[in-house]
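Novice: TSV, C-alpha atoms, file input_22.tsv:
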```tsv
chain	number	residue	atom	x	y	z
A	1	MET	CA	0.00	0.00	0.00
A	2	VAL	CA	1.40	3.39	-1.03
A	3	ARG	CA	1.74	5.80	1.87
A	4	GLU	CA	0.24	9.20	1.43
A	5	PRO	CA	2.81	11.98	1.73
A	6	ARG	CA	1.20	13.35	4.88
A	7	ALA	CA	2.95	14.89	7.84
A	8	ASN	CA	2.48	15.10	11.56
A	9	MET	CA	5.16	17.51	12.68
A	10	LEU	CA	5.30	16.55	16.34
A	11	VAL	CA	4.10	13.66	18.43
A	12	LEU	CA	4.87	13.21	22.10
A	13	PHE	CA	5.52	9.57	22.83
A	14	GLU	CA	7.05	7.90	25.84
A	15	SER	CA	8.28	4.64	24.36
A	16	CYS	CA	9.87	3.57	21.09
A	17	LYS	CA	7.23	0.86	20.65
A	18	ASP	CA	4.56	3.54	20.46
A	19	VAL	CA	6.37	5.14	17.53
A	20	GLU	CA	6.46	1.78	15.74
A	21	LYS	CA	2.74	1.27	16.42
A	22	TYR	CA	1.91	4.77	15.25
A	23	ILE	CA	3.81	4.37	12.00
A	24	ALA	CA	2.24	0.96	11.39
A	25	GLU	CA	-1.30	2.26	11.84
A	26	ASP	CA	-1.06	5.71	10.33
A	27	SER	CA	-0.31	6.69	6.74
A	28	VAL	CA	2.20	9.31	7.85
A	29	SER	CA	5.32	9.92	5.78
A	30	ILE	CA	6.90	12.81	7.74
A	31	LEU	CA	6.94	12.45	11.50
A	32	GLY	CA	8.46	14.79	14.04
A	33	LEU	CA	9.73	13.46	17.36
A	34	ASP	CA	11.03	15.34	20.35
A	35	GLU	CA	14.80	15.73	20.13
A	36	GLY	CA	15.57	13.85	23.37
A	37	PHE	CA	13.22	11.01	22.53
A	38	PHE	CA	14.65	10.83	18.99
A	39	GLU	CA	18.14	10.26	20.41
A	40	LEU	CA	16.79	7.58	22.74
A	41	CYS	CA	15.03	5.63	19.98
A	42	LYS	CA	17.57	6.08	17.22
A	43	ASP	CA	18.37	2.36	16.96
A	44	THR	CA	14.74	1.23	17.03
A	45	LEU	CA	13.76	3.81	14.44
A	46	ALA	CA	16.51	2.64	12.09
A	47	GLN	CA	14.83	-0.78	11.90
A	48	ILE	CA	11.47	0.57	10.72
A	49	GLU	CA	10.69	-0.78	7.25
A	50	GLU	CA	8.14	1.84	6.22
A	51	GLU	CA	9.30	4.81	4.18
A	52	VAL	CA	8.97	7.54	6.78
A	53	ALA	CA	11.07	10.63	7.31
A	54	ILE	CA	11.50	10.99	11.07
A	55	ILE	CA	12.84	14.34	12.11
A	56	PRO	CA	14.15	15.53	15.49
A	57	ARG	CA	12.17	18.48	16.78
A	58	HIS	CA	12.76	21.12	19.39
A	59	VAL	CA	10.35	23.75	20.64
A	60	ILE	CA	11.92	26.83	22.22
A	61	THR	CA	9.89	29.30	24.23
A	62	VAL	CA	11.27	32.78	23.59
A	63	ASP	CA	10.63	36.24	24.94
A	64	ARG	CA	12.23	39.55	24.00
A	65	ARG	CA	15.20	38.92	26.32
A	66	SER	CA	16.03	35.35	25.36
A	67	LEU	CA	15.24	35.66	21.66
A	68	ARG	CA	18.67	36.78	20.38
A	69	LEU	CA	20.45	34.11	22.40
A	70	ALA	CA	18.03	31.39	21.24
A	71	ILE	CA	18.54	32.28	17.57
A	72	LYS	CA	22.31	32.48	17.98
A	73	HIS	CA	22.52	29.05	19.61
A	74	GLN	CA	19.98	27.41	17.32
A	75	ARG	CA	21.34	23.99	16.41
A	76	ARG	CA	20.89	22.89	12.85
A	77	PHE	CA	20.62	19.13	13.28
A	78	LYS	CA	17.13	19.52	14.70
A	79	LEU	CA	14.15	21.38	13.36
A	80	THR	CA	13.43	24.16	15.81
A	81	THR	CA	10.08	25.82	16.38
A	82	PHE	CA	9.88	29.11	18.21
A	83	LYS	CA	7.10	29.74	20.69
A	84	PRO	CA	6.87	33.51	21.22
A	85	CYS	CA	5.76	34.72	24.65
A	86	ASP	CA	5.13	38.32	23.67
A	87	THR	CA	4.28	40.44	20.63
A	88	GLN	CA	7.76	41.93	20.39
A	89	SER	CA	9.49	38.58	20.05
A	90	ALA	CA	6.90	37.44	17.49
A	91	ARG	CA	7.51	40.54	15.37
A	92	VAL	CA	11.29	40.16	15.61
A	93	LEU	CA	10.99	36.52	14.52
A	94	ALA	CA	9.03	37.67	11.47
A	95	LYS	CA	11.78	40.11	10.50
A	96	ILE	CA	14.81	37.87	11.02
A	97	ARG	CA	16.53	36.83	7.78
A	98	LYS	CA	16.32	33.12	8.48
A	99	ASN	CA	13.87	30.31	7.78
A	100	ILE	CA	11.90	30.21	10.99
A	101	VAL	CA	8.99	28.11	12.22
A	102	LEU	CA	6.52	29.82	14.56
A	103	LEU	CA	4.27	27.85	16.86
A	104	VAL	CA	0.54	28.57	16.89
A	105	SER	CA	-0.95	27.25	20.12
A	106	PRO	CA	-3.68	28.48	22.50
A	107	ASP	CA	-0.93	30.34	24.42
A	108	THR	CA	0.61	32.04	21.39
A	109	ILE	CA	-2.51	32.78	19.33
A	110	LYS	CA	-2.56	36.24	20.93
A	111	TYR	CA	0.80	37.07	19.36
A	112	VAL	CA	0.70	34.97	16.20
A	113	ASP	CA	-2.48	36.57	14.91
A	114	GLU	CA	-3.60	38.03	11.59
A	115	ALA	CA	-1.35	41.09	12.05
A	116	GLN	CA	1.61	38.76	12.52
A	117	ILE	CA	0.71	37.05	9.22
A	118	ASN	CA	1.02	40.45	7.51
A	119	PHE	CA	4.54	40.79	8.96
A	120	LEU	CA	5.42	37.26	7.83
A	121	LYS	CA	4.15	38.09	4.36
A	122	GLU	CA	6.49	41.07	4.12
A	123	SER	CA	9.51	39.01	5.12
A	124	HIS	CA	11.99	38.26	2.32
A	125	ILE	CA	12.88	34.83	3.71
A	126	ARG	CA	10.28	32.06	3.81
A	127	LYS	CA	8.62	31.58	7.19
A	128	PHE	CA	6.46	28.73	8.41
A	129	LEU	CA	3.69	28.31	10.94
A	130	GLU	CA	3.23	25.16	12.96
A	131	VAL	CA	-0.25	24.71	14.40
A	132	ALA	CA	-0.28	22.66	17.59
A	133	LEU	CA	-3.74	21.27	16.85
A	134	GLY	CA	-3.51	18.78	19.68
A	135	GLU	CA	-3.32	21.57	22.25
A	136	PHE	CA	-6.44	23.21	20.79
A	137	ILE	CA	-8.28	19.90	20.96
A	138	LYS	CA	-7.16	19.43	24.53
A	139	LEU	CA	-8.71	22.81	25.28
A	140	LEU	CA	-11.92	21.64	23.64
A	141	LEU	CA	-12.14	18.64	25.94
A	142	LEU	CA	-11.38	20.47	29.17
A	143	PRO	CA	-14.56	20.79	31.24
A	144	SER	CA	-13.40	24.14	32.64
A	145	THR	CA	-13.22	25.82	29.21
A	146	LYS	CA	-16.19	28.07	28.49
A	147	PRO	CA	-17.90	27.35	25.15
A	148	LEU	CA	-17.71	31.02	24.14
A	149	ASN	CA	-13.93	31.23	24.77
A	150	MET	CA	-13.45	27.97	22.93
A	151	SER	CA	-15.34	29.13	19.86
A	152	LYS	CA	-13.39	32.41	19.92
A	153	VAL	CA	-10.07	30.56	19.97
A	154	PHE	CA	-11.09	28.25	17.11
A	155	ASP	CA	-12.44	31.19	15.14
A	156	ARG	CA	-9.13	32.99	15.57
A	157	LEU	CA	-7.18	29.89	14.60
A	158	GLY	CA	-9.30	29.47	11.48
A	159	ASP	CA	-8.70	33.11	10.50
A	160	VAL	CA	-4.94	32.78	11.05
A	161	ILE	CA	-4.67	29.62	8.92
A	162	GLU	CA	-6.91	31.07	6.23
A	163	ARG	CA	-4.89	34.26	6.00
A	164	ALA	CA	-1.61	32.37	5.98
A	165	LEU	CA	-2.85	30.18	3.13
A	166	LYS	CA	-4.03	33.26	1.27
A	167	PHE	CA	-0.55	34.81	1.40
A	168	ASP	CA	1.20	31.50	0.73
A	169	ILE	CA	2.88	31.29	4.12
A	170	GLY	CA	3.71	27.68	4.95
A	171	VAL	CA	1.32	26.10	7.44
A	172	THR	CA	2.03	22.72	9.00
A	173	VAL	CA	0.19	20.83	11.72
A	174	ALA	CA	1.45	19.02	14.80
A	175	GLY	CA	-0.89	16.58	16.48
A	176	ALA	CA	0.98	16.62	19.75
A	177	VAL	CA	-1.40	15.83	22.55
A	178	GLU	CA	-0.13	13.20	24.93
A	179	ASN	CA	1.37	9.77	24.66
A	180	TYR	CA	0.01	6.94	22.51
A	181	PRO	CA	-2.94	6.24	22.05
A	182	LYS	CA	-4.03	9.75	23.02
A	183	CYS	CA	-2.54	11.26	19.90
A	184	LEU	CA	-3.88	12.58	16.64
A	185	PHE	CA	-3.41	10.54	13.49
A	186	THR	CA	-3.11	12.32	10.14
A	187	ASN	CA	-6.65	11.23	9.23
A	188	HIS	CA	-7.89	12.87	12.43
A	189	ILE	CA	-6.04	16.08	11.58
A	190	ASP	CA	-7.60	16.00	8.12
A	191	VAL	CA	-11.06	15.53	9.61
A	192	LEU	CA	-10.57	18.34	12.12
A	193	LEU	CA	-9.46	20.71	9.37
A	194	PHE	CA	-12.50	19.61	7.33
A	195	SER	CA	-14.74	20.38	10.31
A	196	MET	CA	-13.15	23.82	10.53
A	197	GLY	CA	-14.26	24.44	6.95
A	198	PHE	CA	-11.06	24.00	4.94
A	199	SER	CA	-11.36	22.68	1.41
A	200	LYS	CA	-9.68	19.58	0.05
A	201	ARG	CA	-7.02	21.67	-1.67
A	202	GLU	CA	-6.28	23.66	1.51
A	203	ARG	CA	-6.05	20.48	3.57
A	204	ARG	CA	-3.68	18.95	1.05
A	205	MET	CA	-1.50	22.06	1.21
A	206	ILE	CA	-1.38	21.90	5.03
A	207	LEU	CA	-0.82	18.16	5.33
A	208	GLU	CA	1.31	17.40	2.29
A	209	VAL	CA	2.77	20.34	0.36
A	210	TYR	CA	4.00	22.73	3.04
A	211	PRO	CA	5.54	20.06	5.35
A	212	LEU	CA	7.52	18.72	2.41
A	213	GLU	CA	8.66	22.23	1.57
A	214	LEU	CA	9.65	22.81	5.20
A	215	LEU	CA	11.63	19.59	5.20
A	216	LYS	CA	13.39	20.57	1.98
A	217	THR	CA	14.17	24.02	3.37
A	218	TRP	CA	15.55	22.54	6.57
A	219	LEU	CA	17.70	20.00	4.74
A	220	GLY	CA	18.88	22.69	2.33
A	221	GLU	CA	19.93	24.86	5.27
A	222	LYS	CA	21.85	22.00	6.74
B	1	MET	CA	-94.28	52.16	6.90
B	2	GLU	CA	-92.34	52.76	10.14
B	3	TYR	CA	-92.27	49.03	10.84
B	4	LEU	CA	-90.83	48.35	7.43
B	5	SER	CA	-88.04	50.88	7.87
B	6	ILE	CA	-87.20	49.44	11.33
B	7	ILE	CA	-87.07	45.92	9.88
B	8	ALA	CA	-84.84	47.19	7.02
B	9	ILE	CA	-82.46	48.85	9.47
B	10	ALA	CA	-82.36	45.71	11.64
B	11	LEU	CA	-81.63	43.59	8.61
B	12	ALA	CA	-78.90	45.98	7.50
B	13	VAL	CA	-77.32	45.92	10.97
B	14	ALA	CA	-77.59	42.13	11.09
B	15	SER	CA	-75.99	41.77	7.67
B	16	MET	CA	-73.20	44.14	8.71
B	17	LEU	CA	-72.58	42.12	11.89
B	18	ILE	CA	-72.55	38.89	9.88
B	19	ALA	CA	-70.11	40.45	7.40
B	20	ILE	CA	-67.79	41.60	10.23
B	21	TYR	CA	-67.97	38.20	11.92
B	22	ILE	CA	-67.20	36.36	8.68
B	23	THR	CA	-64.27	38.71	7.90
B	24	LEU	CA	-62.78	38.25	11.37
B	25	SER	CA	-63.16	34.48	11.35
B	26	LEU	CA	-61.80	34.29	7.82
B	27	LYS	CA	-58.78	36.42	8.84
B	28	LYS	CA	-58.21	34.19	11.84
B	29	SER	CA	-58.43	30.98	9.85
B	30	VAL	CA	-56.18	32.41	7.10
B	31	GLY	CA	-53.64	33.40	9.80
B	32	VAL	CA	-53.76	29.89	11.28
B	33	LEU	CA	-53.32	28.39	7.84
B	34	LEU	CA	-50.34	30.69	7.09
B	35	ASP	CA	-48.74	29.76	10.42
B	36	GLU	CA	-49.24	26.09	9.65
B	37	LEU	CA	-47.68	26.58	6.24
B	38	ALA	CA	-44.66	28.37	7.74
B	39	VAL	CA	-44.18	25.64	10.36
B	40	ALA	CA	-44.56	22.97	7.69
B	41	LEU	CA	-41.94	24.70	5.53
B	42	LEU	CA	-39.56	25.07	8.47
B	43	ILE	CA	-40.04	21.46	9.53
B	44	ARG	CA	-39.55	20.31	5.97
B	45	LYS	CA	-36.31	22.29	5.75
B	46	LYS	CA	-35.10	20.94	9.08
B	47	SER	CA	-36.06	17.38	8.43
B	48	ARG	CA	-34.22	17.18	5.11
B	49	ARG	CA	-32.05	14.36	6.25
B	50	VAL	CA	-28.84	13.21	4.67
B	51	LYS	CA	-27.50	9.71	5.03
B	52	ARG	CA	-23.73	9.20	5.05
B	53	TYR	CA	-21.58	6.18	5.75
B	54	ILE	CA	-18.15	6.30	7.43
B	55	LEU	CA	-15.62	3.50	7.25
B	56	LEU	CA	-13.65	3.30	10.49
B	57	LYS	CA	-10.52	1.46	11.47
B	58	THR	CA	-10.34	0.55	15.15
B	59	VAL	CA	-7.00	0.43	16.92
B	60	CYS	CA	-6.99	-0.61	20.56
B	61	SER	CA	-4.18	-0.65	23.10
B	62	GLU	CA	-3.08	-4.00	24.53
B	63	ASP	CA	-5.15	-3.76	27.70
B	64	ALA	CA	-8.32	-2.60	25.93
B	65	ASP	CA	-11.03	-4.78	24.49
B	66	VAL	CA	-12.45	-4.14	21.01
B	67	LYS	CA	-15.79	-5.74	21.88
B	68	THR	CA	-16.33	-3.38	24.81
B	69	PHE	CA	-15.39	-0.46	22.61
B	70	ILE	CA	-17.94	-1.48	19.96
B	71	ARG	CA	-20.59	-2.03	22.63
B	72	ASN	CA	-20.04	1.44	24.09
B	73	PHE	CA	-19.30	3.13	20.78
B	74	GLU	CA	-22.67	4.84	20.28
B	75	GLN	CA	-22.74	6.03	23.91
B	76	ARG	CA	-19.29	7.56	23.60
B	77	ILE	CA	-20.10	9.49	20.44
B	78	SER	CA	-23.50	10.57	21.79
B	79	LYS	CA	-21.78	11.97	24.87
B	80	LEU	CA	-19.54	14.10	22.69
B	81	LEU	CA	-22.39	15.21	20.44
B	82	GLY	CA	-24.37	16.66	23.34
B	83	ASP	CA	-28.12	16.64	23.96
B	84	ILE	CA	-29.18	18.52	20.82
B	85	GLY	CA	-26.72	16.68	18.61
B	86	ARG	CA	-27.96	13.36	19.96
B	87	ILE	CA	-31.55	14.20	18.96
B	88	GLU	CA	-30.65	15.62	15.57
B	89	CYS	CA	-28.12	13.01	14.49
B	90	SER	CA	-28.83	9.32	14.36
B	91	LEU	CA	-25.74	7.11	14.58
B	92	THR	CA	-25.80	3.36	14.03
B	93	ILE	CA	-23.20	0.71	13.30
B	94	ALA	CA	-24.09	-0.71	9.87
B	95	SER	CA	-21.43	-3.39	9.55
B	96	ILE	CA	-18.46	-4.78	11.49
B	97	SER	CA	-15.54	-6.89	10.35
B	98	LYS	CA	-13.98	-8.71	13.28
B	99	THR	CA	-10.96	-9.86	11.27
B	100	SER	CA	-9.82	-6.43	10.16
B	101	ASN	CA	-11.24	-4.43	13.09
B	102	ARG	CA	-13.07	-2.19	10.66
B	103	MET	CA	-16.65	-1.01	10.78
B	104	ILE	CA	-19.09	1.05	8.78
B	105	VAL	CA	-21.13	3.62	10.65
B	106	ARG	CA	-24.34	5.17	9.32
B	107	VAL	CA	-25.01	8.83	10.12
B	108	LEU	CA	-28.50	10.13	9.54
B	109	GLY	CA	-29.34	13.78	10.04
B	110	ASP	CA	-28.95	17.22	8.51
B	111	TYR	CA	-25.77	18.24	6.67
B	112	ARG	CA	-24.04	19.37	9.90
B	113	CYS	CA	-24.44	15.97	11.55
B	114	PHE	CA	-21.84	14.34	9.37
B	115	LYS	CA	-19.19	16.93	10.30
B	116	ARG	CA	-20.11	16.72	13.99
B	117	VAL	CA	-19.89	12.94	14.06
B	118	LEU	CA	-16.56	12.96	12.22
B	119	MET	CA	-15.22	15.48	14.72
B	120	ALA	CA	-16.50	13.40	17.66
B	121	LEU	CA	-14.92	10.27	16.20
B	122	SER	CA	-11.58	12.03	15.86
B	123	ILE	CA	-11.36	13.24	19.42
B	124	GLN	CA	-13.15	10.50	21.39
B	125	HIS	CA	-9.91	8.60	22.12
B	126	ILE	CA	-8.31	11.67	23.69
B	127	LEU	CA	-11.16	11.84	26.19
B	128	PHE	CA	-11.76	8.13	26.81
B	129	GLY	CA	-8.36	6.63	25.93
B	130	ASP	CA	-8.08	2.88	25.15
B	131	CYS	CA	-9.38	2.59	21.53
B	132	ILE	CA	-8.83	4.85	18.54
B	133	ALA	CA	-11.37	5.16	15.72
B	134	ILE	CA	-9.67	6.28	12.52
B	135	PRO	CA	-12.03	7.51	9.79
B	136	VAL	CA	-10.69	5.95	6.59
B	137	ARG	CA	-13.33	6.69	3.96
B	138	THR	CA	-16.76	8.26	3.69
B	139	SER	CA	-19.52	7.78	1.16
B	140	GLY	CA	-23.22	8.26	0.62
B	141	LEU	CA	-23.56	4.65	-0.49
B	142	PHE	CA	-23.05	1.62	1.72
B	143	SER	CA	-22.10	-0.57	-1.26
B	144	ARG	CA	-19.12	1.67	-2.05
B	145	LEU	CA	-17.62	1.18	1.40
B	146	ARG	CA	-18.44	-2.51	1.71
B	147	LYS	CA	-15.53	-3.52	-0.50
B	148	TRP	CA	-13.07	-1.72	1.82
B	149	ILE	CA	-14.17	-3.42	5.01
B	150	TYR	CA	-12.69	-6.89	4.17
```
Can you present the structure in this file as structure tokens?
Specialist:
Amino acid sequence: MVREPRANMLVLFESCKDVEKYIAEDSVSILGLDEGFFELCKDTLAQIEEEVAIIPRHVITVDRRSLRLAIKHQRRFKLTTFKPCDTQSARVLAKIRKNIVLLVSPDTIKYVDEAQINFLKESHIRKFLEVALGEFIKLLLLPSTKPLNMSKVFDRLGDVIERALKFDIGVTVAGAVENYPKCLFTNHIDVLLFSMGFSKRERRMILEVYPLELLKTWLGEK
Amino acid sequence: MEYLSIIAIALAVASMLIAIYITLSLKKSVGVLLDELAVALLIRKKSRRVKRYILLKTVCSEDADVKTFIRNFEQRISKLLGDIGRIECSLTIASISKTSNRMIVRVLGDYRCFKRVLMALSIQHILFGDCIAIPVRTSGLFSRLRKWIY
């Protein structure tokens, strides 16, 4: 069976067996694993027969003070995503002349909003967005979350993705929730994007085209 | 002569009263009929039901039982759909393959039901754990999905 060129940019697993199970069940072809876990499971992952590109990932939380240092010490053997903690750091990340991946999560949606997309559009170097869809879903399932706040957050997320797609800014999705089996498969991500109102073409761009482009950009940098 | 004029006036008044009564009752019955028509149109619009089939692959962790999952499947999804969703959307298991752990689910309801059920299917394992339901294919015809269930 031919695997679809779909990507899940980050999964949080606790054992190497879970990765094997996930790859066996899902039609994923690009899979991101946490850097530390990737090192731990290197040998097991080498034995996997399926054609899957497994990439080491690292998420750095940055604010205006730590931003310069984080960019300076960014290691190239892992694909780094920046999680801005304030508007200033988000704007600086948009202006930096480097290929940068910005995290869109319930915490950062305030800073990585539609205005930020305009800044990313004006940048001369290609920038990418990584939507932590798992964290949004987690928010949806929390009993303490008010329905109004939840719908606001999802509405904002939809606007951000839509605008990014409109300006051809790379959008990828990470289904990081918790350990296996409480994770999102690529089919689930596809369904969730469908429920949010994205067309087949848009979903294909998010799940197949942009992740591949990000991977190529990252490998080219290296 | 006086009697005749009195009778004529009385008849005129009576005819006027009858005319007013008929107009009012006619207006009332026309209003009732219009209301009924509006309700009928609304109900017809609401009850335009769409039938969709979803092919699911079930993946369970080692300590979980597939049979229990299938038994509680409808309850789980109904819980996520909420009270209104539960009334509006009908969800039934149409076919199960025990060898491949695949099943076909029938969703009956308005056009939003299908999206809601798909969404509920995609997130149910995060809430309940144990078994994952992966939507593989969807179709409006059962026969189209039957060949994929093997």
Novice: Near region 203-207 of chain A, within 9 Å and counting all atoms listed in the file, which residues show up once chain neighbours fewer than 5 positions away are dropped, as a PyMOL selection string?
Specialist: chain A and resi 5-8+165+170-173+186+189-190+193-194+198+212
Novice: Measure the distance from CA of Leu141 (chain A) to CA of Leu192 (chain A) in Å and round it to one decimal.
Specialist: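 Atom-to-atom, CA of Leu141 (chain A) and CA of Leu192 (chain A) are spaced 13.9 Å apart.
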Novice: Counting only C-alpha atoms, which residues of chain B come no farther than 8 Å from chain A, as an NGL selection string?
Specialist: :B and (59 or 61 or 115-116 or 118-119 or 122-123 or 125-127 or 129-132 or 134-136)
Novice: If I take CA of Gly158 (chain A) and CA of Cys85 (chain A), how far is one from the other in Å, to one decimal?
Specialist: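 Atom-to-atom, CA of Gly158 (chain A) to CA of Cys85 (chain A), that is 20.7 Å.
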Novice: Have a look at A:Glu35, A:Asp63, A:Glu14, A:Glu49 and name the one nearest to Arg91 (chain A); count all atoms listed in the file.
Specialist: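 Answer, going by the shortest atom-to-atom distance: A:Asp63.
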Novice: Measure the distance from CA of Ala164 (chain A) to CA of Ser29 (chain A) in Å and round it to one decimal.
Specialist: 23.5 Å
Novice: Got a sec: who's within 10 Å of Ala24 (chain A), counting only C-alpha atoms, leaving out chain neighbours fewer than 5 positions off, as an mmCIF file with C-alpha atoms, in the coordinates of the input?
Specialist:
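Result file result_23.cif:
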```
data_model
loop_
_atom_site.group_PDB
_atom_site.id
_atom_site.type_symbol
_atom_site.label_atom_id
_atom_site.label_comp_id
_atom_site.auth_asym_id
_atom_site.auth_seq_id
_atom_site.Cartn_x
_atom_site.Cartn_y
_atom_site.Cartn_z
ATOM 1 C CA ASP A 18 4.560 3.540 20.460
ATOM 2 C CA VAL A 19 6.370 5.140 17.530
ATOM 3 C CA ILE A 48 11.470 0.570 10.720
ATOM 4 C CA GLU A 49 10.690 -0.780 7.250
ATOM 5 C CA GLU A 50 8.140 1.840 6.220
#
```
Novice: Rank B:Ser143, B:Asp110, B:Ala14, B:Cys60 by their smallest atom-to-atom distance to Tyr22 (chain A), using all atoms listed in the file, and report the top residue only.
Specialist: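 Of B:Ser143, B:Asp110, B:Ala14, B:Cys60, the one nearest Tyr22 (chain A) is B:Cys60, counting all atoms listed in the file.
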Novice: Got a sec: who's within 12 Å of Lys110 (chain A), counting only C-alpha atoms, leaving out chain neighbours fewer than 6 positions off, as a list in words?
Specialist: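 Final neighbour list, sorted by chain and number: Lys83, Pro84, Cys85, Asp86, Thr87, Gln88, Ala90, Leu103, Val104, Gln116, Lys152, Val153, Arg156, Leu157 and Val160 of chain A.
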Novice: Residues around (6.1, 20.4, 15.1), cut-off 12 Å, counting only C-alpha atoms - what are they as a ChimeraX atom specification?
Specialist: /A:7-12,30-35,54-60,78-83,101-105,128-135,171-177,211,214-215
Novice: Residues at most 9 Å from Thr92 (chain B), counting all atoms listed in the file, excluding those fewer than 6 positions away in the same chain, as number ranges by chain?
Specialist: B: 74, 104-108
Novice: Skipping near chain neighbours, those fewer than 5 positions away, what residues fall within 12 Å of Arg146 (chain B) using only C-alpha atoms, listed as a ChimeraX atom specification?
Specialist: /B:53-56,94-97,102-105,137-141
Novice: Mind dumping the selected residues with C-alpha atoms as a CSV table (one decimal), in the frame of the given file?
Specialist:
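Output file part.csv follows:
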```
chain,number,residue,atom,x,y,z
B,53,TYR,CA,-21.6,6.2,5.8
B,54,ILE,CA,-18.2,6.3,7.4
B,55,LEU,CA,-15.6,3.5,7.2
B,56,LEU,CA,-13.6,3.3,10.5
B,94,ALA,CA,-24.1,-0.7,9.9
B,95,SER,CA,-21.4,-3.4,9.6
B,96,ILE,CA,-18.5,-4.8,11.5
B,97,SER,CA,-15.5,-6.9,10.4
B,102,ARG,CA,-13.1,-2.2,10.7
B,103,MET,CA,-16.6,-1.0,10.8
B,104,ILE,CA,-19.1,1.0,8.8
B,105,VAL,CA,-21.1,3.6,10.6
B,137,ARG,CA,-13.3,6.7,4.0
B,138,THR,CA,-16.8,8.3,3.7
B,139,SER,CA,-19.5,7.8,1.2
B,140,GLY,CA,-23.2,8.3,0.6
B,141,LEU,CA,-23.6,4.6,-0.5
```
